[in-house]
Every structure is written in C-alpha cells, then in structure tokens.
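Next up, target_13.txt (compact mmCIF, C-alpha atoms and all ligand atoms):
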# COMPACT_ATOMS: atom_id res chain seq x y z
CA MET A 398 -47.83 30.29 48.26
CA LYS A 399 -49.61 29.37 45.06
CA THR A 400 -47.12 31.43 43.05
CA LYS A 401 -44.25 29.58 44.80
CA GLN A 402 -45.75 26.20 43.87
CA ILE A 403 -46.13 27.27 40.24
CA ALA A 404 -42.50 28.50 40.23
CA ALA A 405 -41.28 25.19 41.71
CA PHE A 406 -43.30 23.25 39.11
CA ILE A 407 -41.83 25.33 36.28
CA LEU A 408 -38.31 24.87 37.73
CA SER A 409 -38.65 21.06 37.96
CA LEU A 410 -40.10 21.00 34.44
CA VAL A 411 -37.07 22.93 33.16
CA MET A 412 -34.73 20.55 35.05
CA CYS A 413 -36.48 17.53 33.52
CA LEU A 414 -36.20 18.97 30.03
CA PHE A 415 -32.51 19.75 30.68
CA LEU A 416 -31.79 16.17 31.85
CA ILE A 417 -33.60 14.69 28.85
CA ALA A 418 -31.56 16.92 26.56
CA CYS A 419 -28.27 15.83 28.25
CA GLY A 420 -29.25 12.18 27.90
CA ALA A 421 -29.83 12.66 24.22
CA THR A 422 -26.44 14.24 23.58
CA GLU A 423 -24.65 11.56 25.60
CA GLU A 424 -26.23 8.93 23.40
CA GLN A 425 -24.86 10.51 20.24
CA PRO A 426 -21.26 9.25 20.46
CA ASP A 427 -22.55 5.65 20.72
CA ARG A 428 -24.60 6.18 17.63
CA VAL A 429 -21.59 7.66 15.81
CA ASP A 430 -19.48 4.66 16.88
CA GLU A 431 -22.12 2.36 15.53
CA LEU A 432 -22.13 4.16 12.20
CA VAL A 433 -18.34 4.23 12.01
CA GLY A 434 -18.29 0.55 12.99
CA ASN A 435 -20.37 -0.23 9.94
CA GLU A 436 -17.96 1.58 7.66
CA THR A 437 -15.42 -1.20 7.53
CA PRO A 438 -12.49 -0.96 5.14
CA ALA A 439 -13.47 -2.36 1.75
CA SER A 440 -14.65 -5.79 2.76
CA SER A 441 -12.87 -8.99 2.05
CA GLN A 442 -14.60 -12.02 0.65
CA THR A 443 -13.95 -13.78 3.97
CA ALA A 444 -15.24 -10.95 6.11
CA GLY A 445 -17.19 -13.67 7.88
CA THR A 446 -14.18 -15.59 9.15
CA ASP A 447 -13.16 -15.02 12.75
CA ILE A 448 -9.53 -14.29 12.01
CA GLU A 449 -10.19 -11.65 9.46
CA ASN A 450 -12.88 -10.02 11.53
CA GLU A 451 -10.39 -9.86 14.36
CA ILE A 452 -7.76 -8.28 12.17
CA GLN A 453 -10.18 -5.75 10.72
CA GLY A 454 -11.68 -4.95 14.11
CA ASN A 455 -8.26 -4.35 15.64
CA SER A 456 -6.94 -2.07 13.01
CA GLN A 457 -9.92 -0.09 11.86
CA THR A 458 -9.68 3.66 12.01
CA GLU A 459 -12.61 6.02 12.18
CA THR A 460 -13.56 7.57 8.88
CA THR A 461 -13.89 11.32 9.20
CA GLU A 462 -15.82 13.66 6.95
CA GLU A 463 -12.51 15.05 5.69
CA GLU A 464 -11.33 11.55 4.69
CA ASN A 465 -14.56 10.94 2.86
CA THR A 466 -14.06 14.05 0.79
CA GLY A 467 -10.49 12.94 0.06
CA SER A 468 -11.84 9.56 -0.91
CA GLU A 469 -14.23 11.08 -3.43
CA GLN A 470 -11.43 13.15 -4.95
CA GLN A 471 -9.10 10.18 -5.14
CA GLU A 472 -11.68 7.89 -6.69
CA ALA A 473 -11.15 9.86 -9.89
CA SER A 474 -7.55 8.60 -9.90
CA GLY A 475 -8.65 4.99 -9.63
CA ILE A 476 -8.20 4.74 -5.85
CA SER A 477 -10.80 2.52 -4.21
CA GLU A 478 -13.34 4.05 -1.90
CA GLY A 479 -12.20 3.61 1.69
CA GLN A 480 -8.58 3.40 0.56
CA VAL A 481 -7.55 6.97 0.99
CA PHE A 482 -3.88 7.59 0.39
CA ASP A 483 -2.76 9.61 3.38
CA LEU A 484 -0.01 11.72 1.84
CA GLU A 485 0.75 13.40 5.15
CA ASN A 486 1.48 10.15 6.94
CA GLY A 487 2.50 8.29 3.80
CA THR A 488 0.15 5.36 4.40
CA VAL A 489 -2.92 3.59 3.03
CA MET A 490 -5.35 1.26 4.80
CA LEU A 491 -5.49 -2.09 3.01
CA ASN A 492 -8.67 -4.15 2.68
CA SER A 493 -7.05 -6.61 5.11
CA GLY A 494 -7.29 -3.94 7.81
CA TYR A 495 -3.54 -3.34 7.97
CA GLU A 496 -1.95 0.02 7.30
CA MET A 497 0.74 0.04 4.63
CA PRO A 498 3.36 2.70 3.77
CA ILE A 499 2.85 4.07 0.23
CA LEU A 500 6.55 4.59 -0.54
CA GLY A 501 9.15 1.87 -0.14
CA ILE A 502 12.52 0.60 -1.29
CA GLY A 503 12.69 -1.97 -4.09
CA THR A 504 15.51 -4.51 -4.16
CA PHE A 505 15.33 -6.16 -7.61
CA ARG A 506 18.85 -6.86 -8.92
CA LEU A 507 20.45 -5.98 -5.59
CA SER A 508 22.36 -8.69 -3.79
CA GLY A 509 24.76 -9.19 -0.91
CA SER A 510 25.94 -6.07 0.86
CA GLU A 511 24.31 -3.90 -1.82
CA ALA A 512 20.85 -5.12 -0.81
CA GLU A 513 21.68 -5.01 2.88
CA ASN A 514 22.99 -1.43 2.69
CA SER A 515 20.11 -0.18 0.55
CA VAL A 516 17.57 -1.51 3.03
CA TYR A 517 19.54 -0.13 5.98
CA TRP A 518 19.96 3.33 4.38
CA ALA A 519 16.29 3.41 3.44
CA LEU A 520 15.16 2.61 6.99
CA ARG A 521 17.61 5.19 8.35
CA ASP A 522 16.16 7.80 5.95
CA GLY A 523 12.58 7.12 7.04
CA TYR A 524 11.30 4.44 4.63
CA ARG A 525 9.13 1.84 6.34
CA LEU A 526 8.25 -0.40 3.37
CA ILE A 527 10.65 -2.94 1.87
CA ASP A 528 10.02 -5.03 -1.23
CA THR A 529 11.92 -8.25 -1.93
CA ALA A 530 11.22 -11.63 -3.53
CA ARG A 531 12.48 -15.19 -3.29
CA ILE A 532 13.62 -15.05 -6.92
CA TYR A 533 15.83 -11.98 -6.26
CA GLY A 534 17.98 -14.26 -4.09
CA ASN A 535 18.41 -11.48 -1.54
CA GLU A 536 15.88 -12.19 1.22
CA ALA A 537 18.68 -13.02 3.68
CA ASP A 538 20.56 -9.80 2.74
CA VAL A 539 17.38 -7.78 3.13
CA GLY A 540 16.82 -9.47 6.51
CA ARG A 541 20.33 -8.42 7.59
CA GLY A 542 19.65 -4.79 6.60
CA ILE A 543 16.45 -4.84 8.65
CA GLN A 544 18.18 -6.43 11.65
CA ARG A 545 20.96 -3.82 11.52
CA ALA A 546 18.41 -1.02 11.65
CA ILE A 547 16.56 -2.72 14.51
CA ASP A 548 19.78 -3.35 16.45
CA GLU A 549 20.74 0.31 16.12
CA GLY A 550 17.34 1.38 17.45
CA ILE A 551 16.32 3.05 14.16
CA VAL A 552 13.09 1.05 13.87
CA THR A 553 11.19 -1.71 15.59
CA ARG A 554 9.81 -4.73 13.76
CA GLU A 555 6.27 -3.45 14.27
CA GLU A 556 7.09 -0.15 12.54
CA ILE A 557 8.15 -1.70 9.27
CA PHE A 558 6.26 -3.43 6.48
CA VAL A 559 8.02 -6.23 4.64
CA THR A 560 6.79 -7.64 1.34
CA THR A 561 8.10 -10.75 -0.35
CA LYS A 562 6.88 -12.84 -3.27
CA MET A 563 6.34 -16.52 -3.94
CA TRP A 564 8.03 -17.57 -7.16
CA THR A 565 6.11 -19.69 -9.71
CA ASP A 566 8.38 -22.74 -9.22
CA ASP A 567 7.20 -22.90 -5.61
CA PHE A 568 3.46 -22.78 -6.34
CA ASP A 569 3.01 -26.53 -5.73
CA ASN A 570 4.78 -26.26 -2.38
CA GLY A 571 3.39 -22.98 -1.05
CA ALA A 572 3.56 -23.79 2.67
CA GLU A 573 7.25 -24.72 2.43
CA ALA A 574 8.00 -21.64 0.35
CA ILE A 575 6.42 -19.38 2.98
CA ASN A 576 8.40 -21.01 5.80
CA ALA A 577 11.61 -20.70 3.77
CA SER A 578 11.04 -16.99 3.12
CA LEU A 579 10.36 -16.39 6.82
CA GLU A 580 13.56 -18.22 7.67
CA ARG A 581 15.71 -16.34 5.13
CA LEU A 582 14.28 -12.97 6.18
CA GLY A 583 14.74 -13.82 9.87
CA LEU A 584 11.17 -12.74 10.65
CA ASP A 585 8.28 -14.24 12.64
CA TYR A 586 5.72 -12.91 10.20
CA ILE A 587 5.65 -11.27 6.76
CA ASP A 588 3.46 -8.19 6.35
CA LEU A 589 2.53 -8.96 2.76
CA MET A 590 3.23 -11.93 0.53
CA ILE A 591 2.22 -11.91 -3.11
CA LEU A 592 2.25 -14.47 -5.89
CA HIS A 593 4.98 -13.25 -8.25
CA HIS A 594 3.24 -14.09 -11.52
CA SER A 595 -0.08 -15.34 -12.80
CA GLN A 596 0.18 -19.07 -13.54
CA PRO A 597 -3.27 -20.52 -14.21
CA SER A 598 -2.10 -24.13 -13.84
CA ASN A 599 -1.49 -23.85 -10.09
CA ASP A 600 -1.68 -20.29 -8.76
CA VAL A 601 -4.99 -21.00 -6.96
CA GLU A 602 -3.29 -23.71 -4.86
CA ALA A 603 -0.40 -21.35 -4.12
CA TYR A 604 -2.80 -18.59 -3.08
CA GLN A 605 -4.67 -21.05 -0.83
CA ALA A 606 -1.37 -21.87 0.87
CA MET A 607 -0.99 -18.15 1.59
CA GLU A 608 -4.57 -18.04 2.95
CA GLN A 609 -3.69 -20.89 5.30
CA ALA A 610 -0.56 -18.99 6.41
CA VAL A 611 -2.72 -15.94 7.18
CA SER A 612 -4.81 -18.06 9.54
CA GLU A 613 -1.58 -19.28 11.18
CA GLY A 614 -0.30 -15.73 11.70
CA LYS A 615 2.69 -16.19 9.39
CA LEU A 616 1.40 -13.70 6.82
CA ARG A 617 -0.68 -10.61 7.52
CA SER A 618 -1.88 -9.55 4.08
CA ILE A 619 -1.73 -11.37 0.75
CA GLY A 620 -1.88 -10.22 -2.84
CA LEU A 621 -0.86 -10.73 -6.44
CA SER A 622 1.66 -9.53 -8.99
CA ASN A 623 1.63 -9.55 -12.77
CA TYR A 624 -2.06 -10.10 -13.45
CA TYR A 625 -2.74 -7.82 -16.40
CA THR A 626 -6.36 -8.44 -17.33
CA PRO A 627 -9.55 -8.20 -15.25
CA GLU A 628 -10.43 -11.74 -16.39
CA ASP A 629 -7.20 -13.21 -15.09
CA PHE A 630 -7.53 -11.34 -11.79
CA ASP A 631 -11.15 -12.50 -11.38
CA ARG A 632 -10.22 -16.09 -12.21
CA LEU A 633 -8.00 -16.18 -9.13
CA VAL A 634 -10.35 -14.13 -6.94
CA ASN A 635 -13.39 -16.31 -7.75
CA ALA A 636 -11.55 -19.47 -6.79
CA THR A 637 -10.20 -18.22 -3.44
CA SER A 638 -11.46 -16.71 -0.18
CA ILE A 639 -9.38 -13.70 0.86
CA THR A 640 -9.59 -10.76 -1.54
CA PRO A 641 -6.09 -9.69 -2.61
CA ALA A 642 -5.02 -6.63 -0.64
CA LEU A 643 -2.76 -5.45 -3.43
CA LEU A 644 -1.79 -5.98 -7.06
CA GLN A 645 1.82 -5.24 -7.99
CA ASN A 646 2.13 -4.59 -11.74
CA GLU A 647 4.47 -2.64 -14.00
CA THR A 648 3.11 0.87 -13.63
CA HIS A 649 4.67 4.21 -14.56
CA PRO A 650 3.75 7.33 -16.58
CA TYR A 651 3.91 5.42 -19.90
CA HIS A 652 1.91 2.47 -18.53
CA GLN A 653 -0.58 3.84 -16.02
CA SER A 654 -2.60 0.62 -15.55
CA MET A 655 -5.92 2.49 -15.59
CA GLU A 656 -8.03 -0.47 -16.71
CA MET A 657 -6.75 -2.66 -13.88
CA LYS A 658 -6.99 0.15 -11.31
CA GLU A 659 -10.62 0.73 -12.21
CA HIS A 660 -11.29 -2.99 -12.01
CA LEU A 661 -9.64 -3.22 -8.58
CA GLN A 662 -11.91 -0.57 -7.07
CA GLN A 663 -14.78 -3.02 -6.49
CA TYR A 664 -12.45 -5.19 -4.39
CA GLY A 665 -10.75 -2.42 -2.42
CA THR A 666 -7.48 -3.79 -3.81
CA VAL A 667 -4.70 -1.24 -4.15
CA MET A 668 -2.21 -0.92 -7.03
CA GLU A 669 1.52 -1.04 -6.38
CA SER A 670 3.92 0.06 -9.12
CA TRP A 671 6.96 -1.94 -10.07
CA PHE A 672 9.36 -0.18 -12.46
CA PRO A 673 7.95 3.07 -10.99
CA LEU A 674 10.82 4.96 -12.67
CA GLY A 675 10.80 2.81 -15.79
CA GLY A 676 13.29 0.22 -14.49
CA ARG A 677 17.07 -0.02 -14.83
CA GLY A 678 18.17 1.09 -18.27
CA ASN A 679 14.91 2.93 -19.00
CA THR A 680 14.88 5.69 -16.41
CA GLN A 681 16.42 8.34 -18.69
CA THR A 682 13.52 7.96 -21.14
CA LEU A 683 11.12 9.05 -18.42
CA PHE A 684 13.47 11.54 -16.75
CA ASN A 685 14.01 13.36 -20.06
CA ASP A 686 10.36 13.36 -21.07
CA GLU A 687 9.55 17.03 -21.70
CA VAL A 688 6.38 17.04 -19.63
CA ILE A 689 8.08 15.41 -16.65
CA SER A 690 11.27 17.50 -16.78
CA GLY A 691 9.14 20.64 -17.25
CA ILE A 692 7.11 19.91 -14.12
CA ALA A 693 10.34 19.08 -12.27
CA GLU A 694 11.79 22.45 -13.18
CA ALA A 695 8.65 24.26 -12.04
CA HIS A 696 8.86 22.61 -8.59
CA GLY A 697 12.65 22.71 -8.20
CA LYS A 698 12.61 18.91 -7.94
CA THR A 699 14.22 16.11 -9.96
CA SER A 700 12.29 14.13 -12.57
CA ALA A 701 12.55 11.07 -10.30
CA GLN A 702 10.87 12.99 -7.48
CA ILE A 703 8.08 14.21 -9.77
CA ILE A 704 7.38 10.70 -11.06
CA LEU A 705 7.35 9.25 -7.55
CA HIS A 706 5.07 11.96 -6.22
CA TRP A 707 2.79 11.44 -9.21
CA HIS A 708 2.51 7.74 -8.30
CA LEU A 709 1.37 8.55 -4.78
CA GLN A 710 -1.00 11.32 -5.87
CA ALA A 711 -2.48 9.00 -8.50
CA GLY A 712 -3.04 6.29 -5.89
CA ASN A 713 -0.14 3.94 -6.66
CA ILE A 714 2.17 2.60 -3.97
CA ALA A 715 5.71 3.12 -5.29
CA ILE A 716 8.81 1.03 -4.52
CA PRO A 717 11.73 2.61 -6.43
CA GLY A 718 14.81 0.40 -6.49
CA SER A 719 18.21 1.90 -5.79
CA SER A 720 21.64 0.98 -4.53
CA ASN A 721 22.72 4.61 -4.41
CA GLU A 722 22.66 6.27 -0.99
CA ASP A 723 21.92 9.73 -2.44
CA HIS A 724 19.12 8.47 -4.70
CA ILE A 725 17.51 6.63 -1.79
CA GLN A 726 17.43 9.87 0.20
CA GLU A 727 16.26 11.91 -2.81
CA ASN A 728 13.39 9.51 -3.46
CA ILE A 729 11.83 10.03 -0.04
CA GLU A 730 12.05 13.82 -0.21
CA ILE A 731 8.75 14.03 -2.07
CA PHE A 732 6.26 14.85 0.66
CA ASP A 733 6.79 18.63 0.70
CA PHE A 734 4.97 19.52 -2.52
CA ALA A 735 1.93 18.57 -4.60
CA LEU A 736 1.19 18.48 -8.30
CA THR A 737 -1.57 20.80 -9.47
CA ASP A 738 -4.69 19.42 -11.16
CA GLU A 739 -3.28 20.65 -14.47
CA GLU A 740 0.04 18.88 -13.87
CA MET A 741 -1.80 15.67 -12.93
CA GLU A 742 -3.75 15.95 -16.21
CA GLN A 743 -0.50 16.45 -18.13
CA MET A 744 0.92 13.33 -16.48
CA THR A 745 -2.25 11.36 -17.30
CA GLY A 746 -1.78 12.44 -20.92
CA LEU A 747 1.56 10.61 -21.06
CA ASP A 748 -0.08 7.17 -20.83
CA ARG A 749 0.74 5.04 -23.89
CA ASN A 750 -0.19 1.68 -22.41
CA GLU A 751 3.42 0.78 -23.18
CA ARG A 752 5.45 -1.50 -20.96
CA PHE A 753 9.25 -1.51 -20.69
CA ALA A 754 9.50 -5.13 -19.52
CA GLY A 755 8.80 -7.98 -21.88
CA TYR A 756 7.08 -10.27 -19.35
N1 LIG B 801 6.68 -7.98 -9.29
C1 LIG B 801 7.56 -7.93 -10.27
O1 LIG B 801 7.53 -8.70 -11.22
C2 LIG B 801 8.64 -6.90 -10.20
C3 LIG B 801 9.42 -6.65 -11.33
C4 LIG B 801 10.41 -5.69 -11.25
C5 LIG B 801 10.60 -5.00 -10.08
N2 LIG B 801 9.83 -5.27 -8.96
C6 LIG B 801 10.03 -4.53 -7.70
O2 LIG B 801 9.86 -3.15 -7.98
C7 LIG B 801 11.01 -2.44 -7.57
C8 LIG B 801 11.22 -1.24 -8.45
O3 LIG B 801 11.58 -1.63 -9.75
P1 LIG B 801 13.07 -1.50 -10.31
O4 LIG B 801 14.00 -1.32 -9.17
O5 LIG B 801 13.30 -2.65 -11.18
O6 LIG B 801 12.98 -0.24 -11.22
P2 LIG B 801 12.81 1.33 -10.90
O7 LIG B 801 12.62 1.56 -9.45
O8 LIG B 801 11.82 1.86 -11.84
O9 LIG B 801 14.20 1.89 -11.37
C9 LIG B 801 15.40 1.54 -10.75
C10 LIG B 801 16.48 2.36 -11.43
O10 LIG B 801 16.29 3.73 -11.11
C11 LIG B 801 17.50 4.28 -10.67
N3 LIG B 801 17.17 5.34 -9.70
C12 LIG B 801 16.47 5.21 -8.56
N4 LIG B 801 16.31 6.41 -7.97
C13 LIG B 801 16.92 7.31 -8.77
C14 LIG B 801 17.11 8.70 -8.69
N5 LIG B 801 16.62 9.41 -7.67
N6 LIG B 801 17.81 9.32 -9.69
C15 LIG B 801 18.30 8.60 -10.72
N7 LIG B 801 18.15 7.28 -10.85
C16 LIG B 801 17.47 6.63 -9.87
C17 LIG B 801 18.28 3.14 -10.07
O11 LIG B 801 19.64 3.37 -10.13
P3 LIG B 801 20.55 3.56 -8.80
O12 LIG B 801 20.69 2.19 -8.17
O13 LIG B 801 21.82 4.08 -9.34
O14 LIG B 801 19.84 4.51 -7.92
C18 LIG B 801 17.88 2.00 -11.01
O15 LIG B 801 18.69 2.00 -12.15
C19 LIG B 801 12.11 -3.49 -7.66
O16 LIG B 801 13.28 -3.10 -7.01
C20 LIG B 801 11.42 -4.68 -7.10
O17 LIG B 801 11.40 -4.64 -5.69
C21 LIG B 801 8.85 -6.20 -9.04

This entry written out as structure tokens:
Amino acid sequence: MKTKQIAAFILSLVMCLFLIACGATEEQPDRVDELVGNETPASSQTAGTDIENEIQGNSQTETTEEENTGSEQQEASGISEGQVFDLENGTVMLNSGYEMPILGIGTFRLSGSEAENSVYWALRDGYRLIDTARIYGNEADVGRGIQRAIDEGIVTREEIFVTTKMWTDDFDNGAEAINASLERLGLDYIDLMILHHSQPSNDVEAYQAMEQAVSEGKLRSIGLSNYYTPEDFDRLVNATSITPALLQNETHPYHQSMEMKEHLQQYGTVMESWFPLGGRGNTQTLFNDEVISGIAEAHGKTSAQIILHWHLQAGNIAIPGSSNEDHIQENIEIFDFALTDEEMEQMTGLDRNERFAGY
C-alpha cells in the first residue's frame, strides 16, 4: 500500500512538472511576438502619431534570423538596417511601413500612347512599380496604361505602386498639386509622392502639404528627389515630421551616391536611382564599359541587365525608362542570377562621382 502511495506521489509530481514545462513553452510565442513587435521598421520621426502607428502596425512583417543576416550583409552596400532588399520577391519594406517593389518602369520623356503602352507592357511583364511626375506631362497617359492593365485583369490597384513627383512651381500650392496629380492619374491614392527638387525657399511648406495628405489618406509614403548633400537633406528633415521614405537621385555605376546612401542609413530612407542606365544618350557609355560588358559576357546577360541587377544588389531601387517593348521585357529578366562578391567590387571600382545630368 505504502509503495502504491509513493508511486502515485511520484506520478503526480511528474505530471505537475510536465504541465509546468508545457506552460512555459506555450508562453514562448507571446514573448517572441513581443520581441518582434519591438523591431519596427526603421522608425519615422512621427512614430508617435496615430496614423503612422496604424500604418506601421498594419504592414509590419516579422523579422527572421535569416533576414537579419541579410541585413548585416547588405549594410555594407549602404542599405539601411531593417530595409532588406528581398531579391526573391523584388521588394523592400519602407520606413513608412509599406512594401515597395525594387524594380519599376520610368516614364521620363514618354508621352501620349508611348507612355500608356510602356506602362501597360511593363505591368503585363510583371513590373509593379511605376514612376511618373507632373512635369513629365504624362500622368494622364500613365493612368490610362494602369487602367488598361486593371481592366484586362492583369493587376489590381492594390498590387501596384505608383510614384509621382511635385514640381517646384507647385511648392506654394502643395495641396492643390496633390489633388491635381490624383485626378490626372485617375487614382484614389498615390503610393509615393516626392518633391522633385530641393528648393530651400519653400520645399518645407511643400513637404508639409504632403504630410497633411498622408493624414488624409491621399498619399501613403512621401520622399524627396535631387537632394545631393547630407546638409540639404537634413535641412528638410529637421523642419518636418515624417522621415522621407525614399530619396530619388541620379545614381548609376559612374555616380554611386555612396555618401548620401551612408547618410540615409540613420533614417531608414532608401535610395532610388534615376538615370539607372545613364539616361537617354548616355547608355552606350555604360553598356560599353569594359568591366560591365565583361561581367555581362560571363553571365550571358546584356550590359543593361548587369547594371540593373547591380543596382538591386547594391541596395538601389531602379526605374529604367523605356518605350521599347523588348527592352522593357529584358529589363525585368534580371532575377535569375547574382553578381559575385568580386564582380560587385569591380562595379564599386567604377564609381567616379560623375553625373551625366547637369542639374
Ligand atoms: N527625379 C528626377 O529628377 C528624375 C530625372 C530623370 C529621370 N527620372 C526617372 O528615372 C527614370 C529613369 O531614367 P531615364 O529614363 O531618364 O534614364 P535611363 O533609365 O537610365 O535610360 C533610359 C534609356 O535607356 C534605354 N534603354 C532602356 N532599357 C534598355 C535596354 N534593355 N537596352 C538598351 N537600351 C535600353 C532607353 O531607350 P529605349 O526607350 O529605346 O528602351 C532610354 O534611351 C525616368 O524614366 C524617370 O521616371 C527622374
């Protein structure tokens, strides 16, 4: 009898220990959630505002160990921590909490049916990012290309990311300029609006108009273009509330924007390259560069594809412009290879801090 009592006591003791152990493991996921919850995307200056908290909360993704390792590797290329370029899915998480495609179609110098067709072909080929601007005079054409793709069931509005820019002439009337761009594009909201150029006399007011439009749901993310010194970037940032999600500057192998990319890291702001191929009239200079054409030959790719893949691997969003159906397709066929560390170093060595554009 005594032995039975001892056995029962030992059994209940074991059961108790087992239940305690189960309780402990069940608690772990909550703890992990808590930790992940703290790892917000690079925070915005207005992380305290309700709207932005809502946006960030809704779109946050869990950071895995693998992503962290990727993040460390990419930091060396000037990519901000927490802004891992996902080359498999072709996206990056912005500091606004929205996911953005890292390859898109540019539409500078395209108008009428040319712009409409380029946007339509790009969406048909799998692009999900479109770059336009009020000053290009083609927002309505771009809007028609988007609508055609939506009508044909190729994409939904939610699947695409549309960027437009506020021109300097409009900086005193930002709210009107935003409404006019929405109207011309035929959209209810714009994924990203950026100020087209630094203009110290009134760019703060223009940026504040974009901040207001974010709170009204007209714009999702906001950013800047053509700010070429850390001082100029900080001037705007220190006078406003929402940290720019993105800076769009002339960036290509001969002008790699390393100083600005390093400066952006503290803000979680990502670099987007305009003239990614050197711009119209300059592309052959880059395509025929011996280093670039040599790497292209080694991979059985074109120079354009090597340059575009380099942008993504170096942590630059790229928006090559094209009105040529074949080029548009060629430019998205860049996700099936990678440049070696040595090739990346060779590409880094091409930097001359030399711009093609004179503005
Ligand atoms: N924020 C700013 O101030 C600013 C300034 C300039 C541009 N941007 C934006 O950045 C985008 C990109 O710049 P960009 O279009 O001026 O210059 P880009 O993309 O560097 O170069 C465009 C040129 O490359 C050619 N091209 C494209 N793909 C090609 C390929 N696979 N093979 C051979 N040639 C190819 C195009 O010709 P085809 O048409 O024949 O393909 C065109 O002549 C613009 O479209 C615009 O959205 C912004």

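Nearest residue to Thr682 of chain A among A:His649, A:Arg632, A:Arg506, A:Lys562 is A:His649, counting all atoms listed in the file.
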
Self-check item: Selection within 6 Å of ligand LIG 801 (chain B) by all atoms listed in the file, output as a list in words
Solution: Gly503, Thr504, Phe505, Asp528, Thr529, His593, Ser622, Gln645, Trp671, Phe672, Pro673, Leu674, Gly675, Gly676, Arg677, Thr680, Ala701, Ile716, Pro717, Gly718, Ser719, Ser720, Asn721, His724, Glu727 and Asn728 of chain A

Exercise. May I ask for the distance between atom CA of Ala642 of chain A and atom CA of Gly665 of chain A, given in Å to one decimal place?
Key: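 Computing the Euclidean distance for atom CA of Ala642 of chain A and atom CA of Gly665 of chain A yields 7.3 Å.
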
Practice problem: Considering all atoms listed in the file, state which residue in the set A:Leu592, A:Val634, A:Ile704, A:Val481 is at the smallest distance from Ile731 of chain A. | Solution: A:Ile704

Quiz item: Interatomic distance between atom CA of Met668 of chain A and atom CA of Ser654 of chain A?
Solution: 8.7 Å

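The environment of segment 540-542 of chain A within 7 Å, counting all atoms listed in the file and disregarding residues fewer than 6 places along the same chain, consists of Glu513, Asn514, Val516, Tyr517, Leu582 and Gly583 of chain A.
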
Quiz prompt | Neighbour list for Gln743 of chain A as a PyMOL selection string, cut-off 10 Å, all atoms listed in the file, skip fewer than 5 positions in-chain | solution = chain A and resi 688-689+692+737-738+748

Quiz item: Using all atoms listed in the file, which residue out of A:Leu500, A:Leu643, A:Ile551, A:Met490 lies closest to Ile729 of chain A?
Solution: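 Among A:Leu500, A:Leu643, A:Ile551, A:Met490, it is A:Leu500 that comes nearest to Ile729 of chain A.
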
Quiz prompt | Asn535 of chain A environment, 7 Å, all atoms listed in the file, sequence neighbours closer than 5 positions dropped, as a VMD selection string | solution = chain A and resid 508 to 509 512

Take the selection from the previous step and output its residues with C-alpha atoms, as a compact mmCIF listing (two decimals), in the frame of the given file.
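Wrote out_6.txt, looks like this:
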# COMPACT_ATOMS: atom_id res chain seq x y z
CA SER A 508 22.36 -8.69 -3.79
CA GLY A 509 24.76 -9.19 -0.91
CA ALA A 512 20.85 -5.12 -0.81

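Closest approach to Phe732 of chain A among A:Ile527, A:Ala715, A:Leu705, A:Leu644: A:Leu705, based on only C-alpha atoms.
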
Quiz prompt | Distance in Å - atom CA of Ala574 of chain A versus atom CA of Val489 of chain A | solution = 27.6 Å

Incomplete segment 674-690 of chain A brought to N, CA and C atoms, written out as a short mmCIF file (atom, residue, chain, number, x, y, z; two decimals), in the frame of the given file:
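Result saved to part26.cif:
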data_model
loop_
_atom_site.label_atom_id
_atom_site.label_comp_id
_atom_site.auth_asym_id
_atom_site.auth_seq_id
_atom_site.Cartn_x
_atom_site.Cartn_y
_atom_site.Cartn_z
N LEU A 674 10.03 3.97 -11.93
CA LEU A 674 10.82 4.96 -12.67
C LEU A 674 11.17 4.45 -14.07
N GLY A 675 10.54 3.37 -14.46
CA GLY A 675 10.80 2.81 -15.79
C GLY A 675 11.71 1.59 -15.75
N GLY A 676 12.39 1.38 -14.61
CA GLY A 676 13.29 0.22 -14.49
C GLY A 676 14.69 0.55 -14.95
N ARG A 677 15.66 -0.25 -14.46
CA ARG A 677 17.07 -0.02 -14.83
C ARG A 677 17.23 -0.01 -16.34
N GLY A 678 17.94 1.00 -16.83
CA GLY A 678 18.17 1.09 -18.27
C GLY A 678 17.11 1.91 -18.99
N ASN A 679 15.99 2.17 -18.34
CA ASN A 679 14.91 2.93 -19.00
C ASN A 679 14.62 4.27 -18.33
N THR A 680 15.28 4.51 -17.19
CA THR A 680 14.88 5.69 -16.41
C THR A 680 15.07 7.01 -17.18
N GLN A 681 16.14 7.06 -18.00
CA GLN A 681 16.42 8.34 -18.69
C GLN A 681 15.28 8.71 -19.66
N THR A 682 14.63 7.69 -20.22
CA THR A 682 13.52 7.96 -21.14
C THR A 682 12.44 8.75 -20.40
N LEU A 683 12.15 8.32 -19.18
CA LEU A 683 11.12 9.05 -18.42
C LEU A 683 11.67 10.36 -17.86
N PHE A 684 12.91 10.32 -17.35
CA PHE A 684 13.47 11.54 -16.75
C PHE A 684 13.56 12.67 -17.77
N ASN A 685 13.85 12.32 -19.03
CA ASN A 685 14.01 13.36 -20.06
C ASN A 685 12.73 13.69 -20.80
N ASP A 686 11.65 13.02 -20.46
CA ASP A 686 10.36 13.36 -21.07
C ASP A 686 10.08 14.84 -20.79
N GLU A 687 9.69 15.58 -21.84
CA GLU A 687 9.55 17.03 -21.70
C GLU A 687 8.52 17.44 -20.65
N VAL A 688 7.43 16.71 -20.61
CA VAL A 688 6.38 17.04 -19.63
C VAL A 688 6.93 16.85 -18.21
N ILE A 689 7.58 15.71 -18.00
CA ILE A 689 8.08 15.41 -16.65
C ILE A 689 9.20 16.38 -16.24
N SER A 690 10.16 16.60 -17.15
CA SER A 690 11.27 17.50 -16.78
C SER A 690 10.77 18.93 -16.62
#
